[in-house]
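Everything below belongs to target-v2.cif, which stores mmCIF, N, CA, C and O atoms.
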```cif
data_input
#
loop_
_atom_site.label_atom_id
_atom_site.label_comp_id
_atom_site.auth_asym_id
_atom_site.auth_seq_id
_atom_site.Cartn_x
_atom_site.Cartn_y
_atom_site.Cartn_z
N MET M 1 0.86 -1.17 0.00
CA MET M 1 0.00 0.00 0.00
C MET M 1 0.90 1.23 0.00
O MET M 1 1.67 1.47 0.93
N ALA M 2 0.85 2.00 -1.06
CA ALA M 2 1.71 3.17 -1.22
C ALA M 2 1.08 4.39 -0.57
O ALA M 2 -0.14 4.52 -0.50
N TYR M 3 1.93 5.27 -0.06
CA TYR M 3 1.48 6.53 0.52
C TYR M 3 2.52 7.60 0.26
O TYR M 3 3.68 7.28 -0.01
N ASN M 4 2.09 8.85 0.30
CA ASN M 4 2.99 9.97 0.03
C ASN M 4 3.31 10.73 1.31
O ASN M 4 2.44 10.89 2.17
N VAL M 5 4.56 11.17 1.41
CA VAL M 5 5.01 11.99 2.53
C VAL M 5 5.74 13.19 1.95
O VAL M 5 6.57 13.04 1.06
N THR M 6 5.41 14.37 2.45
CA THR M 6 6.17 15.56 2.08
C THR M 6 6.80 16.12 3.35
O THR M 6 6.09 16.43 4.32
N LEU M 7 8.12 16.19 3.36
CA LEU M 7 8.86 16.74 4.49
C LEU M 7 9.21 18.18 4.16
O LEU M 7 9.76 18.45 3.08
N ASN M 8 8.89 19.09 5.06
CA ASN M 8 9.21 20.50 4.84
C ASN M 8 10.64 20.76 5.25
O ASN M 8 11.05 20.42 6.35
N GLY M 9 11.36 21.39 4.35
CA GLY M 9 12.80 21.59 4.56
C GLY M 9 13.13 22.92 5.15
O GLY M 9 12.25 23.61 5.63
N PRO M 10 14.37 23.19 5.13
CA PRO M 10 15.42 22.39 4.49
C PRO M 10 15.81 21.20 5.37
O PRO M 10 15.34 21.07 6.49
N GLY M 11 16.69 20.32 4.83
CA GLY M 11 17.19 19.18 5.58
C GLY M 11 17.99 19.65 6.77
O GLY M 11 18.20 20.85 6.93
N PRO M 12 18.42 18.79 7.67
CA PRO M 12 18.38 17.32 7.56
C PRO M 12 16.96 16.78 7.73
O PRO M 12 16.15 17.34 8.45
N TRP M 13 16.72 15.67 7.03
CA TRP M 13 15.38 15.10 7.00
C TRP M 13 15.17 14.10 8.13
O TRP M 13 14.04 13.89 8.54
N GLY M 14 16.24 13.45 8.57
CA GLY M 14 16.11 12.55 9.73
C GLY M 14 15.84 11.10 9.41
O GLY M 14 15.20 10.40 10.20
N PHE M 15 16.32 10.63 8.27
CA PHE M 15 16.20 9.19 8.00
C PHE M 15 17.42 8.73 7.21
O PHE M 15 18.13 9.52 6.63
N ARG M 16 17.63 7.41 7.24
CA ARG M 16 18.73 6.80 6.48
C ARG M 16 18.14 5.77 5.53
O ARG M 16 17.16 5.12 5.84
N LEU M 17 18.82 5.65 4.40
CA LEU M 17 18.41 4.69 3.38
C LEU M 17 19.32 3.47 3.38
O LEU M 17 20.48 3.56 3.77
N GLN M 18 18.79 2.37 2.88
CA GLN M 18 19.63 1.22 2.55
C GLN M 18 19.14 0.66 1.23
O GLN M 18 18.01 0.90 0.83
N GLY M 19 20.02 -0.06 0.54
CA GLY M 19 19.65 -0.68 -0.72
C GLY M 19 19.91 0.20 -1.92
O GLY M 19 20.61 1.21 -1.84
N GLY M 20 19.34 -0.20 -3.03
CA GLY M 20 19.54 0.47 -4.31
C GLY M 20 19.87 -0.56 -5.36
O GLY M 20 20.18 -1.72 -5.04
N LYS M 21 19.79 -0.15 -6.63
CA LYS M 21 20.04 -1.08 -7.74
C LYS M 21 21.41 -1.73 -7.62
O LYS M 21 21.58 -2.91 -7.90
N ASP M 22 22.41 -0.95 -7.17
CA ASP M 22 23.77 -1.48 -7.07
C ASP M 22 23.91 -2.53 -5.96
O ASP M 22 24.90 -3.26 -5.93
N PHE M 23 22.95 -2.60 -5.06
CA PHE M 23 22.98 -3.60 -3.98
C PHE M 23 22.00 -4.74 -4.26
O PHE M 23 21.83 -5.63 -3.43
N ASN M 24 21.30 -4.66 -5.42
CA ASN M 24 20.25 -5.64 -5.75
C ASN M 24 19.22 -5.75 -4.64
O ASN M 24 18.72 -6.82 -4.33
N MET M 25 18.93 -4.61 -4.04
CA MET M 25 17.92 -4.53 -2.98
C MET M 25 17.08 -3.29 -3.22
O MET M 25 17.59 -2.28 -3.68
N PRO M 26 15.79 -3.36 -2.91
CA PRO M 26 14.98 -2.14 -3.06
C PRO M 26 15.44 -1.08 -2.05
O PRO M 26 15.95 -1.42 -0.98
N LEU M 27 15.26 0.19 -2.40
CA LEU M 27 15.58 1.26 -1.46
C LEU M 27 14.59 1.21 -0.32
O LEU M 27 13.38 1.17 -0.53
N THR M 28 15.10 1.17 0.89
CA THR M 28 14.22 1.14 2.06
C THR M 28 14.72 2.13 3.10
O THR M 28 15.89 2.52 3.12
N ILE M 29 13.82 2.50 3.99
CA ILE M 29 14.16 3.36 5.13
C ILE M 29 14.80 2.45 6.17
O ILE M 29 14.15 1.54 6.69
N SER M 30 16.07 2.68 6.47
CA SER M 30 16.75 1.80 7.43
C SER M 30 16.74 2.36 8.84
O SER M 30 16.85 1.60 9.81
N ARG M 31 16.60 3.68 8.99
CA ARG M 31 16.62 4.27 10.33
C ARG M 31 15.90 5.61 10.27
O ARG M 31 16.02 6.35 9.31
N ILE M 32 15.17 5.90 11.33
CA ILE M 32 14.52 7.20 11.49
C ILE M 32 15.02 7.81 12.79
O ILE M 32 14.96 7.17 13.85
N THR M 33 15.54 9.01 12.71
CA THR M 33 16.08 9.69 13.88
C THR M 33 14.94 10.19 14.76
O THR M 33 14.05 10.90 14.26
N PRO M 34 14.93 9.81 16.05
CA PRO M 34 13.86 10.28 16.93
C PRO M 34 13.80 11.81 16.97
O PRO M 34 14.82 12.48 17.00
N GLY M 35 12.58 12.35 16.92
CA GLY M 35 12.38 13.80 16.99
C GLY M 35 12.60 14.53 15.68
O GLY M 35 12.45 15.74 15.61
N SER M 36 12.97 13.81 14.61
CA SER M 36 13.28 14.44 13.32
C SER M 36 12.02 14.71 12.52
O SER M 36 10.91 14.31 12.89
N LYS M 37 12.21 15.38 11.38
CA LYS M 37 11.09 15.63 10.47
C LYS M 37 10.49 14.31 9.99
O LYS M 37 9.27 14.18 9.88
N ALA M 38 11.34 13.33 9.70
CA ALA M 38 10.85 12.02 9.27
C ALA M 38 10.04 11.35 10.39
O ALA M 38 9.01 10.72 10.13
N ALA M 39 10.50 11.49 11.63
CA ALA M 39 9.80 10.86 12.76
C ALA M 39 8.43 11.49 12.98
O ALA M 39 7.51 10.82 13.47
N GLN M 40 8.27 12.76 12.62
CA GLN M 40 7.00 13.45 12.81
C GLN M 40 6.01 13.15 11.69
O GLN M 40 4.85 13.52 11.76
N SER M 41 6.48 12.45 10.63
CA SER M 41 5.60 12.03 9.55
C SER M 41 5.16 10.60 9.84
O SER M 41 5.47 10.06 10.89
N GLN M 42 4.46 9.99 8.88
CA GLN M 42 4.05 8.59 9.11
C GLN M 42 5.04 7.58 8.56
O GLN M 42 4.72 6.42 8.41
N MET M 43 6.28 8.04 8.26
CA MET M 43 7.31 7.12 7.76
C MET M 43 7.65 6.09 8.83
O MET M 43 7.64 6.40 10.02
N ASN M 44 7.98 4.89 8.37
CA ASN M 44 8.38 3.83 9.29
C ASN M 44 9.64 3.14 8.78
O ASN M 44 9.85 3.01 7.57
N GLN M 45 10.43 2.69 9.74
CA GLN M 45 11.61 1.91 9.40
C GLN M 45 11.17 0.67 8.62
O GLN M 45 10.18 0.02 8.98
N GLY M 46 11.86 0.37 7.53
CA GLY M 46 11.53 -0.80 6.72
C GLY M 46 10.65 -0.49 5.53
O GLY M 46 10.49 -1.33 4.65
N ASP M 47 10.05 0.71 5.48
CA ASP M 47 9.21 1.06 4.34
C ASP M 47 10.04 1.19 3.07
O ASP M 47 11.19 1.64 3.10
N LEU M 48 9.46 0.81 1.95
CA LEU M 48 10.13 0.89 0.64
C LEU M 48 9.97 2.28 0.07
O LEU M 48 8.89 2.87 0.14
N VAL M 49 11.04 2.81 -0.52
CA VAL M 49 11.00 4.11 -1.18
C VAL M 49 10.69 3.85 -2.66
O VAL M 49 11.52 3.35 -3.40
N VAL M 50 9.46 4.19 -3.08
CA VAL M 50 9.00 3.93 -4.44
C VAL M 50 9.42 5.07 -5.37
O VAL M 50 9.81 4.82 -6.51
N ALA M 51 9.34 6.32 -4.88
CA ALA M 51 9.71 7.48 -5.71
C ALA M 51 10.23 8.60 -4.83
O ALA M 51 9.81 8.74 -3.66
N ILE M 52 11.16 9.39 -5.38
CA ILE M 52 11.71 10.57 -4.71
C ILE M 52 11.40 11.75 -5.61
O ILE M 52 11.84 11.78 -6.76
N ASP M 53 10.65 12.71 -5.09
CA ASP M 53 10.21 13.88 -5.88
C ASP M 53 9.61 13.44 -7.22
O ASP M 53 9.91 14.03 -8.26
N GLY M 54 8.80 12.39 -7.19
CA GLY M 54 8.10 11.94 -8.39
C GLY M 54 8.90 11.06 -9.32
O GLY M 54 8.39 10.56 -10.31
N VAL M 55 10.18 10.82 -9.02
CA VAL M 55 11.04 9.99 -9.88
C VAL M 55 11.10 8.58 -9.29
O VAL M 55 11.50 8.39 -8.14
N ASN M 56 10.71 7.59 -10.09
CA ASN M 56 10.70 6.20 -9.65
C ASN M 56 12.12 5.75 -9.28
O ASN M 56 13.09 6.09 -9.96
N THR M 57 12.23 4.98 -8.19
CA THR M 57 13.54 4.58 -7.66
C THR M 57 13.99 3.19 -8.12
O THR M 57 15.06 2.75 -7.74
N ASP M 58 13.18 2.50 -8.94
CA ASP M 58 13.51 1.11 -9.33
C ASP M 58 14.91 0.98 -9.92
O ASP M 58 15.60 0.00 -9.68
N SER M 59 15.33 1.97 -10.71
CA SER M 59 16.63 1.84 -11.38
C SER M 59 17.70 2.72 -10.73
O SER M 59 18.80 2.87 -11.28
N MET M 60 17.42 3.29 -9.56
CA MET M 60 18.39 4.17 -8.89
C MET M 60 19.41 3.38 -8.07
O MET M 60 19.05 2.46 -7.35
N THR M 61 20.66 3.81 -8.18
CA THR M 61 21.67 3.28 -7.27
C THR M 61 21.51 4.01 -5.93
O THR M 61 20.79 5.01 -5.83
N HIS M 62 22.19 3.51 -4.94
CA HIS M 62 22.13 4.13 -3.61
C HIS M 62 22.57 5.59 -3.68
O HIS M 62 21.92 6.48 -3.14
N LEU M 63 23.69 5.83 -4.38
CA LEU M 63 24.24 7.19 -4.48
C LEU M 63 23.30 8.12 -5.26
O LEU M 63 23.11 9.28 -4.87
N GLU M 64 22.68 7.61 -6.32
CA GLU M 64 21.73 8.42 -7.07
C GLU M 64 20.55 8.85 -6.19
O GLU M 64 20.10 9.99 -6.25
N ALA M 65 20.06 7.92 -5.38
CA ALA M 65 18.96 8.24 -4.48
C ALA M 65 19.39 9.27 -3.45
O ALA M 65 18.66 10.24 -3.17
N GLN M 66 20.58 9.10 -2.89
CA GLN M 66 21.10 10.08 -1.92
C GLN M 66 21.20 11.46 -2.55
O GLN M 66 20.79 12.45 -1.96
N ASN M 67 21.73 11.52 -3.77
CA ASN M 67 21.89 12.80 -4.45
C ASN M 67 20.55 13.44 -4.77
O ASN M 67 20.39 14.65 -4.67
N LYS M 68 19.56 12.62 -5.14
CA LYS M 68 18.22 13.14 -5.42
C LYS M 68 17.62 13.75 -4.15
O LYS M 68 16.99 14.81 -4.20
N ILE M 69 17.84 13.10 -3.03
CA ILE M 69 17.33 13.61 -1.75
C ILE M 69 18.07 14.89 -1.37
O ILE M 69 17.45 15.88 -0.96
N LYS M 70 19.39 14.90 -1.54
CA LYS M 70 20.18 16.09 -1.20
C LYS M 70 19.82 17.28 -2.07
O LYS M 70 19.95 18.43 -1.64
N SER M 71 19.38 17.03 -3.31
CA SER M 71 19.06 18.13 -4.22
C SER M 71 17.69 18.74 -3.93
O SER M 71 17.34 19.76 -4.52
N ALA M 72 16.91 18.14 -3.04
CA ALA M 72 15.62 18.72 -2.67
C ALA M 72 15.89 20.01 -1.90
O ALA M 72 16.51 19.99 -0.85
N SER M 73 15.44 21.11 -2.46
CA SER M 73 15.78 22.40 -1.86
C SER M 73 14.95 22.71 -0.62
O SER M 73 15.49 22.92 0.46
N TYR M 74 13.63 22.71 -0.77
CA TYR M 74 12.83 23.07 0.41
C TYR M 74 11.90 21.95 0.87
O TYR M 74 11.84 21.66 2.04
N ASN M 75 11.22 21.32 -0.06
CA ASN M 75 10.35 20.20 0.31
C ASN M 75 10.88 18.92 -0.29
O ASN M 75 11.38 18.92 -1.41
N LEU M 76 10.76 17.83 0.45
CA LEU M 76 11.13 16.51 -0.05
C LEU M 76 9.87 15.68 -0.12
O LEU M 76 9.20 15.46 0.90
N SER M 77 9.53 15.26 -1.32
CA SER M 77 8.32 14.45 -1.52
C SER M 77 8.73 13.01 -1.77
O SER M 77 9.51 12.73 -2.69
N LEU M 78 8.22 12.12 -0.95
CA LEU M 78 8.54 10.69 -1.08
C LEU M 78 7.26 9.90 -1.27
O LEU M 78 6.25 10.18 -0.63
N THR M 79 7.32 8.91 -2.16
CA THR M 79 6.25 7.92 -2.24
C THR M 79 6.82 6.65 -1.63
O THR M 79 7.87 6.16 -2.05
N LEU M 80 6.15 6.17 -0.60
CA LEU M 80 6.64 5.02 0.16
C LEU M 80 5.62 3.90 0.12
O LEU M 80 4.44 4.12 -0.15
N GLN M 81 6.09 2.71 0.39
CA GLN M 81 5.20 1.55 0.48
C GLN M 81 5.46 0.88 1.81
O GLN M 81 6.62 0.63 2.17
N LYS M 82 4.39 0.62 2.55
CA LYS M 82 4.53 0.00 3.86
C LYS M 82 5.26 -1.33 3.75
O LYS M 82 5.02 -2.10 2.82
N SER M 83 6.12 -1.57 4.70
CA SER M 83 6.85 -2.83 4.76
C SER M 83 5.86 -3.97 4.96
O SER M 83 4.87 -3.84 5.67
N LYS M 84 6.14 -5.10 4.30
CA LYS M 84 5.25 -6.26 4.44
C LYS M 84 5.40 -6.93 5.80
O LYS M 84 4.51 -7.57 6.29
N ARG M 85 6.55 -6.76 6.39
CA ARG M 85 6.75 -7.36 7.72
C ARG M 85 7.09 -6.26 8.71
O ARG M 85 7.93 -5.40 8.43
N PRO M 86 6.44 -6.25 9.85
CA PRO M 86 6.73 -5.21 10.83
C PRO M 86 8.13 -5.34 11.40
O PRO M 86 8.65 -6.44 11.55
N VAL M 87 8.74 -4.21 11.69
CA VAL M 87 10.07 -4.20 12.30
C VAL M 87 9.87 -4.15 13.81
O VAL M 87 9.28 -3.21 14.33
N PRO M 88 10.31 -5.19 14.52
CA PRO M 88 10.10 -5.17 15.97
C PRO M 88 10.95 -4.09 16.63
O PRO M 88 12.14 -3.97 16.36
N VAL M 89 10.32 -3.30 17.46
CA VAL M 89 11.03 -2.25 18.18
C VAL M 89 10.78 -2.49 19.66
O VAL M 89 9.66 -2.35 20.14
N SER M 90 11.82 -2.88 20.35
CA SER M 90 11.69 -3.15 21.78
C SER M 90 11.88 -1.86 22.58
O SER M 90 12.80 -1.09 22.32
N THR M 91 11.00 -1.64 23.54
CA THR M 91 11.14 -0.46 24.38
C THR M 91 11.65 -0.82 25.77
O THR M 91 11.93 0.05 26.57
N THR M 92 11.77 -2.11 26.04
CA THR M 92 12.26 -2.54 27.35
C THR M 92 13.51 -3.40 27.15
O THR M 92 13.62 -4.13 26.17
N PRO M 93 14.44 -3.30 28.10
CA PRO M 93 15.63 -4.15 27.98
C PRO M 93 15.25 -5.61 28.17
O PRO M 93 14.27 -5.93 28.84
N PRO M 94 16.01 -6.52 27.55
CA PRO M 94 15.69 -7.95 27.71
C PRO M 94 15.84 -8.38 29.16
O PRO M 94 16.73 -7.92 29.87
N LYS M 95 14.93 -9.25 29.59
CA LYS M 95 14.95 -9.72 30.97
C LYS M 95 15.98 -10.85 31.10
O LYS M 95 16.01 -11.76 30.29
N ILE M 96 16.78 -10.76 32.13
CA ILE M 96 17.78 -11.79 32.38
C ILE M 96 17.39 -12.49 33.68
O ILE M 96 17.37 -11.88 34.74
N ASP M 97 17.03 -13.77 33.56
CA ASP M 97 16.54 -14.51 34.72
C ASP M 97 17.65 -15.17 35.53
O ASP M 97 17.55 -15.30 36.73
N SER M 98 18.71 -15.59 34.85
CA SER M 98 19.74 -16.33 35.57
C SER M 98 20.96 -15.43 35.80
O SER M 98 21.24 -14.54 35.01
N PRO M 99 21.69 -15.69 36.89
CA PRO M 99 22.90 -14.89 37.12
C PRO M 99 23.92 -15.19 36.04
O PRO M 99 23.93 -16.26 35.44
N ARG M 100 24.80 -14.23 35.81
CA ARG M 100 25.81 -14.40 34.78
C ARG M 100 26.81 -15.46 35.22
O ARG M 100 27.26 -15.48 36.36
N ALA M 101 27.13 -16.36 34.30
CA ALA M 101 28.08 -17.42 34.60
C ALA M 101 29.47 -16.84 34.80
O ALA M 101 29.86 -15.89 34.12
N VAL M 102 30.21 -17.39 35.74
CA VAL M 102 31.59 -16.96 35.97
C VAL M 102 32.50 -17.96 35.28
O VAL M 102 32.45 -19.15 35.54
N ILE M 103 33.30 -17.47 34.40
CA ILE M 103 34.26 -18.33 33.69
C ILE M 103 35.43 -18.58 34.64
O ILE M 103 35.90 -17.65 35.30
N PRO M 104 35.91 -19.85 34.73
CA PRO M 104 36.91 -20.18 35.75
C PRO M 104 38.10 -19.22 35.83
O PRO M 104 38.51 -18.85 36.92
N HIS M 105 38.64 -18.78 34.71
CA HIS M 105 39.82 -17.92 34.80
C HIS M 105 39.44 -16.49 35.21
O HIS M 105 40.31 -15.66 35.44
N GLN M 106 38.14 -16.22 35.36
CA GLN M 106 37.71 -14.89 35.78
C GLN M 106 37.23 -14.87 37.24
O GLN M 106 36.76 -13.85 37.71
N LYS M 107 37.34 -16.01 37.92
CA LYS M 107 36.90 -16.05 39.32
C LYS M 107 37.78 -15.15 40.17
O LYS M 107 39.00 -15.07 39.94
N PRO M 108 37.20 -14.47 41.14
CA PRO M 108 38.03 -13.63 42.00
C PRO M 108 38.99 -14.49 42.79
O PRO M 108 38.68 -15.62 43.17
N PRO M 109 40.18 -14.00 43.06
CA PRO M 109 41.16 -14.81 43.81
C PRO M 109 40.68 -15.02 45.25
O PRO M 109 40.01 -14.18 45.82
N LEU M 110 41.05 -16.19 45.80
CA LEU M 110 40.71 -16.48 47.19
C LEU M 110 41.69 -15.74 48.11
O LEU M 110 42.90 -15.72 47.85
N LEU M 111 41.15 -15.13 49.15
CA LEU M 111 42.03 -14.43 50.10
C LEU M 111 42.41 -15.39 51.21
O LEU M 111 41.56 -15.97 51.86
N VAL M 112 43.69 -15.61 51.40
CA VAL M 112 44.17 -16.51 52.43
C VAL M 112 44.81 -15.64 53.52
O VAL M 112 45.70 -14.86 53.26
N GLY M 113 44.30 -15.77 54.73
CA GLY M 113 44.76 -14.83 55.74
C GLY M 113 45.55 -15.38 56.80
O GLY M 113 45.99 -16.24 57.29
#
```
Represent the supplied structure as structure tokens.
Amino acid sequence: MAYNVTLNGPGPWGFRLQGGKDFNMPLTISRITPGSKAAQSQMNQGDLVVAIDGVNTDSMTHLEAQNKIKSASYNLSLTLQKSKRPVPVSTTPPKIDSPRAVIPHQKPPLLVG
């Protein structure tokens, strides 16, 4: 399901890309900076970048896509497609139930008095 996002500039826009024709991977949003212009839009990590300022990204290399984004003077218009699989985002640290194992050579020395 494709959707459009327009970020009001100037940059920085607050997201990172991964992929491109040169990587044999679709262009996707790999990271969104908290509190950024991208974070305030409905963009999500893992979403596919279908077009940048109306130009289809199917044949763009990573560098071409970066340059197209950098050349956006005031507004950046993106056509994105929701990721088919949700990206898990944990807000709590993992729970550790068992005490950490002590490796024999790391045991504290015995005090002999």
Every residue of segment 26-70 of chain M that DSSP places in strand (DSSP E), as a ChimeraX atom specification:
/M:26-32,48-52,55-56
Per DSSP on the backbone, filter segment 28-85 of chain M down to the residues in alpha helix (DSSP H) and report them as number ranges by chain.
M: 62-70
Shell of 4.5 Å around segment 10-24 of chain M, all atoms listed in the file, local chain residues under 5 positions omitted, as a PDB file with N, CA, C and O atoms, keeping the file's coordinate frame:
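selection_36.pdb, freshly written:
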```
ATOM      1  N   ILE M  29      13.820   2.500   3.990  1.00  0.00           N
ATOM      2  CA  ILE M  29      14.160   3.360   5.130  1.00  0.00           C
ATOM      3  C   ILE M  29      14.800   2.450   6.170  1.00  0.00           C
ATOM      4  O   ILE M  29      14.150   1.540   6.690  1.00  0.00           O
ATOM      5  N   SER M  30      16.070   2.680   6.470  1.00  0.00           N
ATOM      6  CA  SER M  30      16.750   1.800   7.430  1.00  0.00           C
ATOM      7  C   SER M  30      16.740   2.360   8.840  1.00  0.00           C
ATOM      8  O   SER M  30      16.850   1.600   9.810  1.00  0.00           O
ATOM      9  N   ARG M  31      16.600   3.680   8.990  1.00  0.00           N
ATOM     10  CA  ARG M  31      16.620   4.270  10.330  1.00  0.00           C
ATOM     11  C   ARG M  31      15.900   5.610  10.270  1.00  0.00           C
ATOM     12  O   ARG M  31      16.020   6.350   9.310  1.00  0.00           O
ATOM     13  N   ILE M  32      15.170   5.900  11.330  1.00  0.00           N
ATOM     14  CA  ILE M  32      14.520   7.200  11.490  1.00  0.00           C
ATOM     15  C   ILE M  32      15.020   7.810  12.790  1.00  0.00           C
ATOM     16  O   ILE M  32      14.960   7.170  13.850  1.00  0.00           O
ATOM     17  N   THR M  33      15.540   9.010  12.710  1.00  0.00           N
ATOM     18  CA  THR M  33      16.080   9.690  13.880  1.00  0.00           C
ATOM     19  C   THR M  33      14.940  10.190  14.760  1.00  0.00           C
ATOM     20  O   THR M  33      14.050  10.900  14.260  1.00  0.00           O
ATOM     21  N   LYS M  37      12.210  15.380  11.380  1.00  0.00           N
ATOM     22  CA  LYS M  37      11.090  15.630  10.470  1.00  0.00           C
ATOM     23  C   LYS M  37      10.490  14.310   9.990  1.00  0.00           C
ATOM     24  O   LYS M  37       9.270  14.180   9.880  1.00  0.00           O
ATOM     25  N   ALA M  38      11.340  13.330   9.700  1.00  0.00           N
ATOM     26  CA  ALA M  38      10.850  12.020   9.270  1.00  0.00           C
ATOM     27  C   ALA M  38      10.040  11.350  10.390  1.00  0.00           C
ATOM     28  O   ALA M  38       9.010  10.720  10.130  1.00  0.00           O
ATOM     29  N   MET M  60      17.420   3.290  -9.560  1.00  0.00           N
ATOM     30  CA  MET M  60      18.390   4.170  -8.890  1.00  0.00           C
ATOM     31  C   MET M  60      19.410   3.380  -8.070  1.00  0.00           C
ATOM     32  O   MET M  60      19.050   2.460  -7.350  1.00  0.00           O
ATOM     33  N   THR M  61      20.660   3.810  -8.180  1.00  0.00           N
ATOM     34  CA  THR M  61      21.670   3.280  -7.270  1.00  0.00           C
ATOM     35  C   THR M  61      21.510   4.010  -5.930  1.00  0.00           C
ATOM     36  O   THR M  61      20.790   5.010  -5.830  1.00  0.00           O
ATOM     37  N   HIS M  62      22.190   3.510  -4.940  1.00  0.00           N
ATOM     38  CA  HIS M  62      22.130   4.130  -3.610  1.00  0.00           C
ATOM     39  C   HIS M  62      22.570   5.590  -3.680  1.00  0.00           C
ATOM     40  O   HIS M  62      21.920   6.480  -3.140  1.00  0.00           O
ATOM     41  N   SER M  73      15.440  21.110  -2.460  1.00  0.00           N
ATOM     42  CA  SER M  73      15.780  22.400  -1.860  1.00  0.00           C
ATOM     43  C   SER M  73      14.950  22.710  -0.620  1.00  0.00           C
ATOM     44  O   SER M  73      15.490  22.920   0.460  1.00  0.00           O
ATOM     45  N   TYR M  74      13.630  22.710  -0.770  1.00  0.00           N
ATOM     46  CA  TYR M  74      12.830  23.070   0.410  1.00  0.00           C
ATOM     47  C   TYR M  74      11.900  21.950   0.870  1.00  0.00           C
ATOM     48  O   TYR M  74      11.840  21.660   2.040  1.00  0.00           O
TER      49      TYR M  74
END
```
Between atom O of Glu64 of chain M and atom N of Lys82 of chain M lies a distance of 20.3 Å
Evaluate the PyMOL selection byres ((chain M and resi 41) around 8) on the structure here and hand back the selected residues as number ranges by chain.
M: 5-7, 13, 36-40, 42-44
Go ahead and compute the interatomic distance for atom N of Asn75 of chain M and atom N of Gly46 of chain M, in Å to one decimal.
22.3 Å
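The space between atom CA of Pro34 of chain M and atom CA of Thr57 of chain M spans 25.2 Å.
Of the residues listed (M:Ala2, M:Asn56, M:Gly35, M:Asp47), M:Asp47 shows the shortest atom-to-atom separation from Ser83 of chain M; distances use all atoms listed in the file.
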Considering only N, CA, C and O atoms, return as a list in words whatever protein or nucleic-acid residues lie within 6 Å of Ile52 of chain M, sequence-local ones (same chain, fewer than 2 positions apart) excluded.
Val50, Gly54, Val55, Asn56, Thr57, Ser77, Leu78 and Thr79 of chain M
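Distance check against Met1 of chain M using all atoms listed in the file: of M:Leu48, M:Leu27, M:Leu76, M:Leu63, the minimum falls on M:Leu48.
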